[in-house]
$ cat run_10.cif   # mmCIF, C-alpha atoms and all ligand atoms
data_upload
#
loop_
_atom_site.label_atom_id
_atom_site.label_comp_id
_atom_site.auth_asym_id
_atom_site.auth_seq_id
_atom_site.Cartn_x
_atom_site.Cartn_y
_atom_site.Cartn_z
CA MET A 363 27.91 6.98 27.21
CA TYR A 364 25.94 3.75 27.19
CA ILE A 365 25.65 3.48 23.46
CA ASN A 366 29.21 2.24 23.01
CA LYS A 367 28.36 -1.10 24.54
CA PRO A 368 26.16 -2.87 22.01
CA SER A 369 25.90 -6.63 22.39
CA LYS A 370 24.51 -9.37 20.18
CA SER A 371 21.44 -11.07 21.56
CA ASP A 372 21.40 -14.63 22.81
CA MET A 373 19.38 -15.63 19.77
CA ALA A 374 22.05 -14.37 17.41
CA LYS A 375 24.86 -15.87 19.51
CA LYS A 376 23.18 -19.27 19.42
CA GLY A 377 22.95 -19.01 15.67
CA ALA A 378 19.18 -19.43 15.80
CA LEU A 379 19.11 -17.18 12.81
CA ASN A 380 21.80 -17.09 10.17
CA PHE A 381 22.10 -13.31 9.95
CA HIS A 382 23.65 -11.74 6.88
CA ASN A 383 23.71 -14.88 4.79
CA THR A 384 22.27 -13.28 1.69
CA ASP A 385 24.68 -13.44 -1.21
CA TYR A 386 24.35 -10.37 -3.37
CA ASN A 387 26.83 -10.37 -6.20
CA SER A 388 27.19 -6.63 -6.23
CA CYS A 389 28.56 -6.43 -2.72
CA GLN A 390 30.52 -9.36 -1.39
CA SER A 391 31.88 -8.37 2.01
CA ASN A 392 30.09 -8.65 5.35
CA SER A 393 30.56 -4.96 6.03
CA ILE A 394 27.98 -2.46 7.20
CA GLU A 395 28.13 -1.01 3.67
CA ARG A 396 26.95 -4.35 2.33
CA LEU A 397 24.10 -4.59 4.82
CA ALA A 398 23.05 -1.03 4.04
CA LEU A 399 23.11 -1.83 0.33
CA ILE A 400 20.82 -4.83 0.81
CA SER A 401 18.39 -2.74 2.89
CA LYS A 402 18.53 -0.01 0.29
CA MET A 403 17.68 -2.50 -2.46
CA ARG A 404 14.62 -3.63 -0.50
CA ILE A 405 13.46 -0.03 -0.15
CA GLU A 406 14.21 0.83 -3.79
CA HIS A 407 12.20 -2.13 -4.91
CA ALA A 408 9.18 -1.16 -2.80
CA ILE A 409 9.26 2.42 -4.08
CA LYS A 410 9.51 1.15 -7.63
CA LEU A 411 6.55 -1.20 -7.11
CA TYR A 412 4.14 1.12 -5.27
CA GLY A 413 5.42 4.62 -6.06
CA VAL A 414 7.02 6.92 -3.51
CA ASP A 415 3.71 8.55 -2.51
CA ARG A 416 2.22 5.16 -1.63
CA CYS A 417 5.15 4.28 0.63
CA ALA A 418 5.84 5.73 4.08
CA VAL A 419 8.56 5.44 6.69
CA ALA A 420 7.12 4.93 10.18
CA CYS A 421 9.58 6.87 12.29
CA SER A 422 9.77 7.10 16.09
CA PHE A 423 13.16 8.85 15.84
CA GLY A 424 14.74 5.96 17.71
CA LYS A 425 18.11 4.49 16.73
CA ASP A 426 16.56 1.87 14.40
CA SER A 427 13.93 3.86 12.55
CA ILE A 428 16.38 6.69 11.94
CA VAL A 429 18.56 4.19 10.02
CA VAL A 430 15.63 3.17 7.81
CA LEU A 431 14.74 6.82 7.36
CA ARG A 432 18.29 7.76 6.31
CA ILE A 433 18.47 4.95 3.75
CA ALA A 434 14.96 5.68 2.42
CA LEU A 435 15.83 9.37 2.02
CA ASP A 436 18.92 8.34 0.05
CA VAL A 437 16.57 6.56 -2.35
CA ASN A 438 13.97 9.34 -2.52
CA SER A 439 14.17 12.48 -0.38
CA ASN A 440 10.42 13.09 -0.72
CA ILE A 441 9.23 9.84 0.81
CA PRO A 442 6.39 10.48 3.31
CA VAL A 443 7.44 10.07 6.94
CA VAL A 444 4.81 9.26 9.56
CA TRP A 445 5.54 10.08 13.17
CA CYS A 446 3.04 9.06 15.81
CA ASP A 447 3.23 11.79 18.44
CA THR A 448 1.52 10.35 21.51
CA LYS A 449 1.58 13.81 23.13
CA CYS A 450 3.55 12.29 26.02
CA GLU A 451 6.90 11.77 24.27
CA SER A 452 9.85 12.57 26.51
CA LYS A 453 11.30 16.06 26.04
CA HIS A 454 14.46 14.45 24.59
CA THR A 455 12.38 12.71 21.93
CA TYR A 456 10.66 16.00 21.00
CA GLU A 457 14.00 17.82 20.81
CA PHE A 458 15.59 15.18 18.62
CA ALA A 459 12.53 14.67 16.39
CA ASN A 460 12.20 18.40 15.74
CA LYS A 461 15.89 18.68 14.94
CA ILE A 462 15.77 15.84 12.39
CA ILE A 463 12.51 17.09 10.83
CA ARG A 464 14.17 20.48 10.31
CA ASP A 465 17.71 19.36 9.38
CA TRP A 466 16.60 16.63 6.98
CA ASP A 467 13.69 18.67 5.61
CA LEU A 468 11.29 15.75 6.00
CA ASN A 469 7.99 15.26 4.22
CA ILE A 470 6.51 14.73 7.69
CA HIS A 471 2.99 13.65 8.62
CA ILE A 472 2.25 13.69 12.34
CA ALA A 473 -0.44 11.36 13.66
CA ARG A 474 -2.08 12.26 16.98
CA ALA A 475 -5.08 11.10 19.00
CA PRO A 476 -8.05 13.53 19.08
CA LYS A 477 -7.90 16.65 21.23
CA GLY A 478 -8.55 15.97 24.92
CA VAL A 479 -7.35 12.35 24.71
CA ASN A 480 -3.95 11.75 26.25
CA PHE A 481 -1.96 9.34 28.40
CA TRP A 482 -3.40 10.67 31.65
CA THR A 483 -7.06 10.57 30.57
CA ILE A 484 -6.57 7.01 29.31
CA ALA A 485 -4.79 5.99 32.52
CA LYS A 486 -7.70 7.37 34.52
CA GLU A 487 -10.19 5.34 32.53
CA TYR A 488 -8.30 2.09 31.99
CA GLY A 489 -5.41 2.13 34.49
CA LEU A 490 -1.73 2.53 33.71
CA PRO A 491 -0.51 0.47 30.75
CA GLU A 492 0.66 -3.00 31.75
CA ILE A 493 3.59 -4.94 30.36
CA ARG A 494 3.08 -5.85 26.71
CA GLY A 495 2.27 -9.49 26.10
CA LYS A 496 1.50 -10.16 29.77
CA GLY A 497 -1.59 -12.37 30.09
CA ASN A 498 -4.21 -11.25 27.58
CA ASN A 499 -2.60 -7.86 27.27
CA ARG A 500 -1.15 -8.09 23.77
CA VAL A 501 -1.37 -4.37 23.00
CA PRO A 502 -2.11 -1.94 25.86
CA LYS A 503 -5.29 0.10 25.46
CA CYS A 504 -3.10 3.18 25.66
CA CYS A 505 -1.10 2.10 22.57
CA GLN A 506 -4.30 1.30 20.71
CA ILE A 507 -5.67 4.79 21.37
CA LEU A 508 -2.52 6.92 21.17
CA LYS A 509 -0.57 5.06 18.49
CA ASP A 510 -2.35 2.41 16.47
CA GLY A 511 -5.60 4.31 15.84
CA PRO A 512 -4.03 7.62 14.76
CA ALA A 513 -1.40 5.82 12.65
CA GLU A 514 -4.06 3.77 10.85
CA GLU A 515 -6.03 6.92 10.10
CA MET A 516 -2.92 8.60 8.75
CA TYR A 517 -1.97 5.70 6.47
CA SER A 518 -5.54 5.51 5.18
CA SER A 519 -5.64 9.21 4.41
CA LEU A 520 -2.26 9.02 2.64
CA GLY A 521 -3.29 5.91 0.69
CA THR A 522 -0.17 4.12 1.92
CA LYS A 523 0.44 0.68 0.39
CA CYS A 524 3.76 -0.08 2.05
CA VAL A 525 4.95 1.00 5.51
CA MET A 526 8.69 0.78 6.22
CA THR A 527 9.63 0.24 9.84
CA GLY A 528 12.85 0.02 11.87
CA ILE A 529 11.91 -3.32 13.46
CA THR A 530 14.83 -5.68 14.05
CA ALA A 531 14.54 -9.37 14.93
CA GLU A 532 17.14 -8.95 17.64
CA GLU A 533 14.93 -6.56 19.58
CA SER A 534 12.64 -9.17 21.10
CA HIS A 535 11.61 -12.79 20.89
CA GLN A 536 8.23 -11.71 19.52
CA ARG A 537 9.87 -9.84 16.64
CA PHE A 538 12.28 -12.68 15.99
CA MET A 539 9.30 -15.05 15.69
CA LEU A 540 7.51 -12.62 13.37
CA MET A 541 10.50 -12.62 11.03
CA GLN A 542 10.81 -16.40 11.20
CA ARG A 543 7.12 -16.88 10.42
CA ASN A 544 7.31 -14.52 7.44
CA ALA A 545 10.44 -16.22 6.12
CA ASN A 546 9.03 -19.74 6.53
CA LYS A 547 5.79 -18.81 4.81
CA ALA A 548 7.55 -17.13 1.88
CA GLN A 549 10.07 -19.93 1.45
CA SER A 550 7.33 -22.59 1.60
CA GLU A 551 5.74 -20.75 -1.34
CA GLY A 552 8.98 -21.03 -3.29
CA VAL A 553 10.47 -17.58 -2.64
CA PRO A 554 14.27 -17.80 -2.36
CA ALA A 555 15.82 -16.71 0.95
CA ASP A 556 17.75 -13.95 -0.78
CA ASP A 557 14.96 -12.44 -2.91
CA ILE A 558 15.50 -8.77 -3.49
CA GLU A 559 12.12 -7.67 -2.09
CA GLY A 560 12.84 -9.17 1.33
CA TYR A 561 10.01 -11.76 1.51
CA GLY A 562 12.40 -14.73 1.63
CA CYS A 563 14.21 -13.60 4.77
CA GLY A 564 11.05 -12.36 6.51
CA ALA A 565 11.64 -8.65 5.92
CA LYS A 566 8.34 -8.12 4.12
CA TYR A 567 4.77 -9.33 4.53
CA PHE A 568 1.24 -8.43 3.53
CA SER A 569 -1.50 -7.84 6.09
CA LYS A 570 -4.95 -8.74 4.78
CA THR A 571 -6.69 -6.84 7.59
CA LYS A 572 -4.75 -3.66 6.87
CA ASN A 573 -4.59 -4.29 3.13
CA ARG A 574 -1.01 -3.09 3.24
CA TYR A 575 2.58 -4.31 3.06
CA THR A 576 5.02 -3.92 5.89
CA LEU A 577 8.69 -3.75 4.97
CA MET A 578 11.33 -4.12 7.68
CA PRO A 579 14.46 -3.25 5.70
CA ILE A 580 16.87 -3.77 8.61
CA VAL A 581 15.12 -6.72 10.26
CA ASP A 582 18.30 -8.82 10.04
CA TRP A 583 20.62 -6.18 11.54
CA THR A 584 22.10 -6.48 15.01
CA VAL A 585 22.33 -3.64 17.52
CA SER A 586 26.02 -3.34 16.62
CA ASP A 587 25.14 -2.98 12.94
CA VAL A 588 22.72 -0.17 13.78
CA TRP A 589 25.31 1.81 15.73
CA ASN A 590 27.97 1.09 13.10
CA PHE A 591 25.68 2.67 10.51
CA HIS A 592 25.18 5.69 12.77
CA ASN A 593 28.96 6.07 12.93
CA LEU A 594 29.43 5.46 9.22
CA ARG A 595 26.94 8.17 8.28
CA SER A 596 27.60 10.48 11.24
CA ILE A 597 23.96 10.33 12.29
CA SER A 598 23.16 11.93 15.63
CA HIS A 599 20.93 10.20 18.17
CA CYS A 600 18.36 11.07 20.81
CA LYS A 601 19.83 11.95 24.21
CA VAL A 602 17.96 9.12 25.96
CA TYR A 603 20.62 6.72 24.70
CA ASP A 604 23.24 8.62 26.67
CA LEU A 605 21.16 8.92 29.83
CA CYS A 606 20.73 5.26 30.68
CA LYS A 607 21.57 1.78 29.46
CA ASP A 608 19.10 0.57 26.81
CA GLY A 609 17.42 4.00 26.73
CA ARG A 610 14.15 4.23 24.79
CA VAL A 611 12.75 7.04 22.72
CA GLY A 612 9.02 7.68 22.90
CA CYS A 613 6.50 8.02 25.67
CA GLY A 614 7.93 9.43 28.90
CA PRO A 615 5.41 7.93 31.36
CA CYS A 616 5.15 4.47 29.76
CA THR A 617 4.83 1.58 32.24
CA ALA A 618 4.33 -1.09 29.55
CA TYR A 619 7.84 -2.53 29.59
CA ASN A 620 9.76 -4.37 32.26
CA SER A 621 12.48 -1.91 33.22
CA TRP A 622 10.41 1.28 33.25
CA ILE A 623 10.92 1.67 37.00
CA VAL A 624 14.67 1.94 36.43
CA ARG A 625 14.69 3.96 33.21
CA MET A 626 11.88 6.45 33.75
CA PRO A 627 13.57 8.35 36.59
CA GLN A 628 16.60 8.94 34.34
CA GLN A 629 14.82 9.58 31.05
CA ASP A 630 11.78 11.54 32.24
CA PRO A 631 11.91 12.53 35.92
CA GLU A 632 8.79 14.74 35.60
CA SER A 633 6.62 11.86 34.40
CA TYR A 634 8.17 9.57 36.99
CA ALA A 635 7.15 11.96 39.76
CA LYS A 636 3.53 11.90 38.50
CA ILE A 637 3.44 8.12 38.14
CA ARG A 638 4.93 7.67 41.59
CA LYS A 639 2.19 9.81 43.04
CA ILE A 640 -0.50 7.80 41.23
CA ILE A 641 0.70 4.40 42.39
CA GLY A 642 1.80 5.65 45.79
CA ILE A 643 5.44 4.65 45.86
CA THR A 644 8.21 6.74 47.37
CA THR A 645 11.21 4.60 46.43
CA ILE A 646 11.97 1.96 43.81
CA GLU A 647 12.01 -0.64 46.58
CA ASP A 648 8.35 0.14 47.33
CA TYR A 649 7.38 -0.91 43.85
CA THR A 650 5.78 -4.18 42.78
CA MET A 651 4.04 -4.81 39.48
CA SER A 652 0.76 -5.56 41.23
CA GLU A 653 0.61 -1.91 42.24
CA VAL A 654 0.46 -0.63 38.68
CA HIS A 655 -3.25 0.13 38.74
CA LEU A 656 -5.10 3.28 39.52
S1 LIG B 1 4.22 3.15 24.43
FE1 LIG B 1 3.33 3.09 26.50
S2 LIG B 1 2.68 5.19 26.98
FE2 LIG B 1 3.10 5.07 24.77
S3 LIG B 1 1.13 4.70 23.86
FE3 LIG B 1 2.04 2.69 24.21
S4 LIG B 1 1.42 2.04 26.24
FE4 LIG B 1 0.95 4.21 26.05
#
$ encode --input "run_10.cif" --output "structure tokens" --more "lines below"
Ligand code: SF4
Amino acid sequence: MYINKPSKSDMAKKGALNFHNTDYNSCQSNSIERLALISKMRIEHAIKLYGVDRCAVACSFGKDSIVVLRIALDVNSNIPVVWCDTKCESKHTYEFANKIIRDWDLNIHIARAPKGVNFWTIAKEYGLPEIRGKGNNRVPKCCQILKDGPAEEMYSSLGTKCVMTGITAEESHQRFMLMQRNANKAQSEGVPADDIEGYGCGAKYFSKTKNRYTLMPIVDWTVSDVWNFHNLRSISHCKVYDLCKDGRVGCGPCTAYNSWIVRMPQQDPESYAKIRKIIGITTIEDYTMSEVHL
């Protein structure tokens, strides 16, 4: 079991961000209950402001978004849940997602790319997805077509005003910077760091292009906090977390992150066999990033 070894990121260790410094009178300790209460207040406030039908939880069924989903359902069990099914999710992701949809009786809305468009057709046209953020490659074409486009269409059709995500600042430098930018902007406009909506600590922002709010209710949680909440609420998790260290839910054949060559064989051997054939490698040692092109 790899999930029992959570560690705080370097950023948190260095104290680059003063996590959990919000002082809410109603809950004084630094416990996971306190963190969950703060996140719940952020969600409650959004639902109160926009109405439950104009809010949505973006859920990948990963360890983070399932926490946001659980807390949001505690506030209102009918909140819309949007899952972007890329049609190439690993079989473990499908198993776990279907179990949660059924067991938690979700108000689920599944966003998918049009018929005939899938990972393999996109790879044939544009090449395999390259590492996110590398060079000019901010968002891989594959993500734009299989995730971003269908999700946008879904939110538009639902009339969503506020999307709640499981993003945490600890996950990556990019996400940490996003939170910092949001917090700095809000605080420079006079919003206190501990405002109940989450603007002051960077948990909420408005996108003019999307004309929508994004709320990241657990943005200031660490990996340990996330797993502590899973334990506290006896929430099950996708099997990928047991199969390899830092397992990822989602697309089985994804090559858009650094350690795919190590994780894919363990998480999705079928996809790995296909990818290996495409790029012509027989062993991990044969692999170099420059070969990830069709
Ligand atoms: S996560 Fe990877 S495989 Fe999935 S849509 Fe994005 S680039 Fe494609």
$ residues_around --input "run_10.cif" --residues "range 498-512 of chain A" --least-positions-apart "2" --cutoff "10 Å" --atoms "all atoms listed in the file" --output "PyMOL selection string"
chain A and resi 445-450+472-476+479-485+488-496+514-518+616+618
$ residues_near_point --input "run_10.cif" --point "(8.6, -6.0, 3.2)" --cutoff "12 Å" --atoms "only C-alpha atoms" --output "ChimeraX atom specification"
/A:401-409,411-412,417,419,523-529,541,544-545,548,557-569,574-581
$ closest_residue --input "run_10.cif" --among "A:Tyr603, A:Phe458, A:Trp589, A:Trp622" --to "Asp426 in chain A" --atoms "all atoms listed in the file"
A:Trp589
$ residues_near_point --input "run_10.cif" --point "(13.2, 10.4, 25.3)" --cutoff "7 Å" --atoms "all atoms listed in the file" --output "ChimeraX atom specification"
/A:451-455,600-602,610-612,614,629
$ residues_around --input "run_10.cif" --residues "Lys461 in chain A" --least-positions-apart "4" --cutoff "12 Å" --atoms "all atoms listed in the file" --output "PyMOL selection string"
chain A and resi 423+454-457+465-468+597-600
$ closest_residue --input "run_10.cif" --among "A:Met539, A:Thr617, A:Leu605, A:Asp415" --to "ligand LIG 1 (chain B)" --atoms "all atoms listed in the file"
A:Thr617
$ atom_distance --input "run_10.cif" --atom1 "CA of Lys486 in chain A" --atom2 "CA of Ser633 in chain A"
15.0 Å
$ closest_residue --input "run_10.cif" --among "A:Val437, A:Ile428, A:Met626, A:Ile640" --to "Ile463 in chain A" --atoms "all atoms listed in the file"
A:Ile428
$ closest_residue --input "run_10.cif" --among "A:Gly424, A:Pro631, A:Gly642, A:Pro615" --to "ligand LIG 1 (chain B)" --atoms "only C-alpha atoms and all ligand atoms"
A:Pro615
$ closest_residue --input "run_10.cif" --among "A:Ala555, A:Ala513, A:Ile470, A:Leu540" --to "ligand LIG 1 (chain B)" --atoms "only C-alpha atoms and all ligand atoms"
A:Ala513
$ atom_distance --input "run_10.cif" --atom1 "atom S4 of ligand LIG 1 (chain B)" --atom2 "CA of Cys613 in chain A"
7.9 Å
$ atom_distance --input "run_10.cif" --atom1 "CA of Lys477 in chain A" --atom2 "CA of Ala635 in chain A"
24.3 Å
$ closest_residue --input "run_10.cif" --among "A:Leu594, A:Arg638, A:Ser422, A:Asp556" --to "ligand LIG 1 (chain B)" --atoms "all atoms listed in the file"
A:Ser422
$ build_atoms --input "run_10.cif" --residues "range 493-519 of chain A" --atoms "N, CA and C atoms" --output "short mmCIF file (atom, residue, chain, number, x, y, z; two decimals), in the frame of the given file"
data_model
loop_
_atom_site.label_atom_id
_atom_site.label_comp_id
_atom_site.auth_asym_id
_atom_site.auth_seq_id
_atom_site.Cartn_x
_atom_site.Cartn_y
_atom_site.Cartn_z
N ILE A 493 2.54 -4.37 31.21
CA ILE A 493 3.59 -4.94 30.36
C ILE A 493 2.99 -5.60 29.12
N ARG A 494 3.54 -5.26 27.97
CA ARG A 494 3.08 -5.85 26.71
C ARG A 494 3.21 -7.36 26.73
N GLY A 495 2.19 -8.03 26.24
CA GLY A 495 2.27 -9.49 26.10
C GLY A 495 1.97 -10.23 27.39
N LYS A 496 1.77 -9.50 28.49
CA LYS A 496 1.50 -10.16 29.77
C LYS A 496 0.03 -10.59 29.80
N GLY A 497 -0.22 -11.86 30.07
CA GLY A 497 -1.59 -12.37 30.09
C GLY A 497 -2.27 -12.13 28.76
N ASN A 498 -3.48 -11.52 28.82
CA ASN A 498 -4.21 -11.25 27.58
C ASN A 498 -3.85 -9.89 26.99
N ASN A 499 -2.90 -9.24 27.61
CA ASN A 499 -2.60 -7.86 27.27
C ASN A 499 -1.61 -7.76 26.11
N ARG A 500 -2.06 -8.09 24.90
CA ARG A 500 -1.15 -8.09 23.77
C ARG A 500 -0.72 -6.67 23.41
N VAL A 501 -1.69 -5.78 23.26
CA VAL A 501 -1.37 -4.37 23.00
C VAL A 501 -2.12 -3.53 24.03
N PRO A 502 -1.41 -2.74 24.84
CA PRO A 502 -2.11 -1.94 25.86
C PRO A 502 -3.13 -1.00 25.22
N LYS A 503 -4.23 -0.80 25.93
CA LYS A 503 -5.29 0.10 25.46
C LYS A 503 -4.68 1.46 25.06
N CYS A 504 -3.75 1.90 25.88
CA CYS A 504 -3.10 3.18 25.66
C CYS A 504 -2.43 3.24 24.28
N CYS A 505 -1.75 2.16 23.90
CA CYS A 505 -1.10 2.10 22.57
C CYS A 505 -2.15 2.09 21.46
N GLN A 506 -3.25 1.36 21.73
CA GLN A 506 -4.30 1.30 20.71
C GLN A 506 -4.85 2.70 20.43
N ILE A 507 -5.03 3.47 21.52
CA ILE A 507 -5.67 4.79 21.37
C ILE A 507 -4.68 5.86 20.90
N LEU A 508 -3.47 5.84 21.48
CA LEU A 508 -2.52 6.92 21.17
C LEU A 508 -1.64 6.66 19.95
N LYS A 509 -1.47 5.36 19.61
CA LYS A 509 -0.57 5.06 18.49
C LYS A 509 -1.29 4.40 17.32
N ASP A 510 -1.84 3.22 17.58
CA ASP A 510 -2.35 2.41 16.47
C ASP A 510 -3.49 3.10 15.71
N GLY A 511 -4.45 3.64 16.48
CA GLY A 511 -5.60 4.31 15.84
C GLY A 511 -5.17 5.49 14.98
N PRO A 512 -4.46 6.47 15.57
CA PRO A 512 -4.03 7.62 14.76
C PRO A 512 -3.14 7.24 13.57
N ALA A 513 -2.28 6.24 13.76
CA ALA A 513 -1.40 5.82 12.65
C ALA A 513 -2.23 5.24 11.52
N GLU A 514 -3.19 4.38 11.88
CA GLU A 514 -4.06 3.77 10.85
C GLU A 514 -4.78 4.85 10.05
N GLU A 515 -5.31 5.83 10.78
CA GLU A 515 -6.03 6.92 10.10
C GLU A 515 -5.10 7.65 9.14
N MET A 516 -3.88 7.89 9.59
CA MET A 516 -2.92 8.60 8.75
C MET A 516 -2.59 7.81 7.49
N TYR A 517 -2.31 6.51 7.65
CA TYR A 517 -1.97 5.70 6.47
C TYR A 517 -3.16 5.63 5.50
N SER A 518 -4.36 5.54 6.06
CA SER A 518 -5.54 5.51 5.18
C SER A 518 -5.66 6.82 4.42
N SER A 519 -5.47 7.93 5.11
CA SER A 519 -5.64 9.21 4.41
C SER A 519 -4.53 9.44 3.38
#
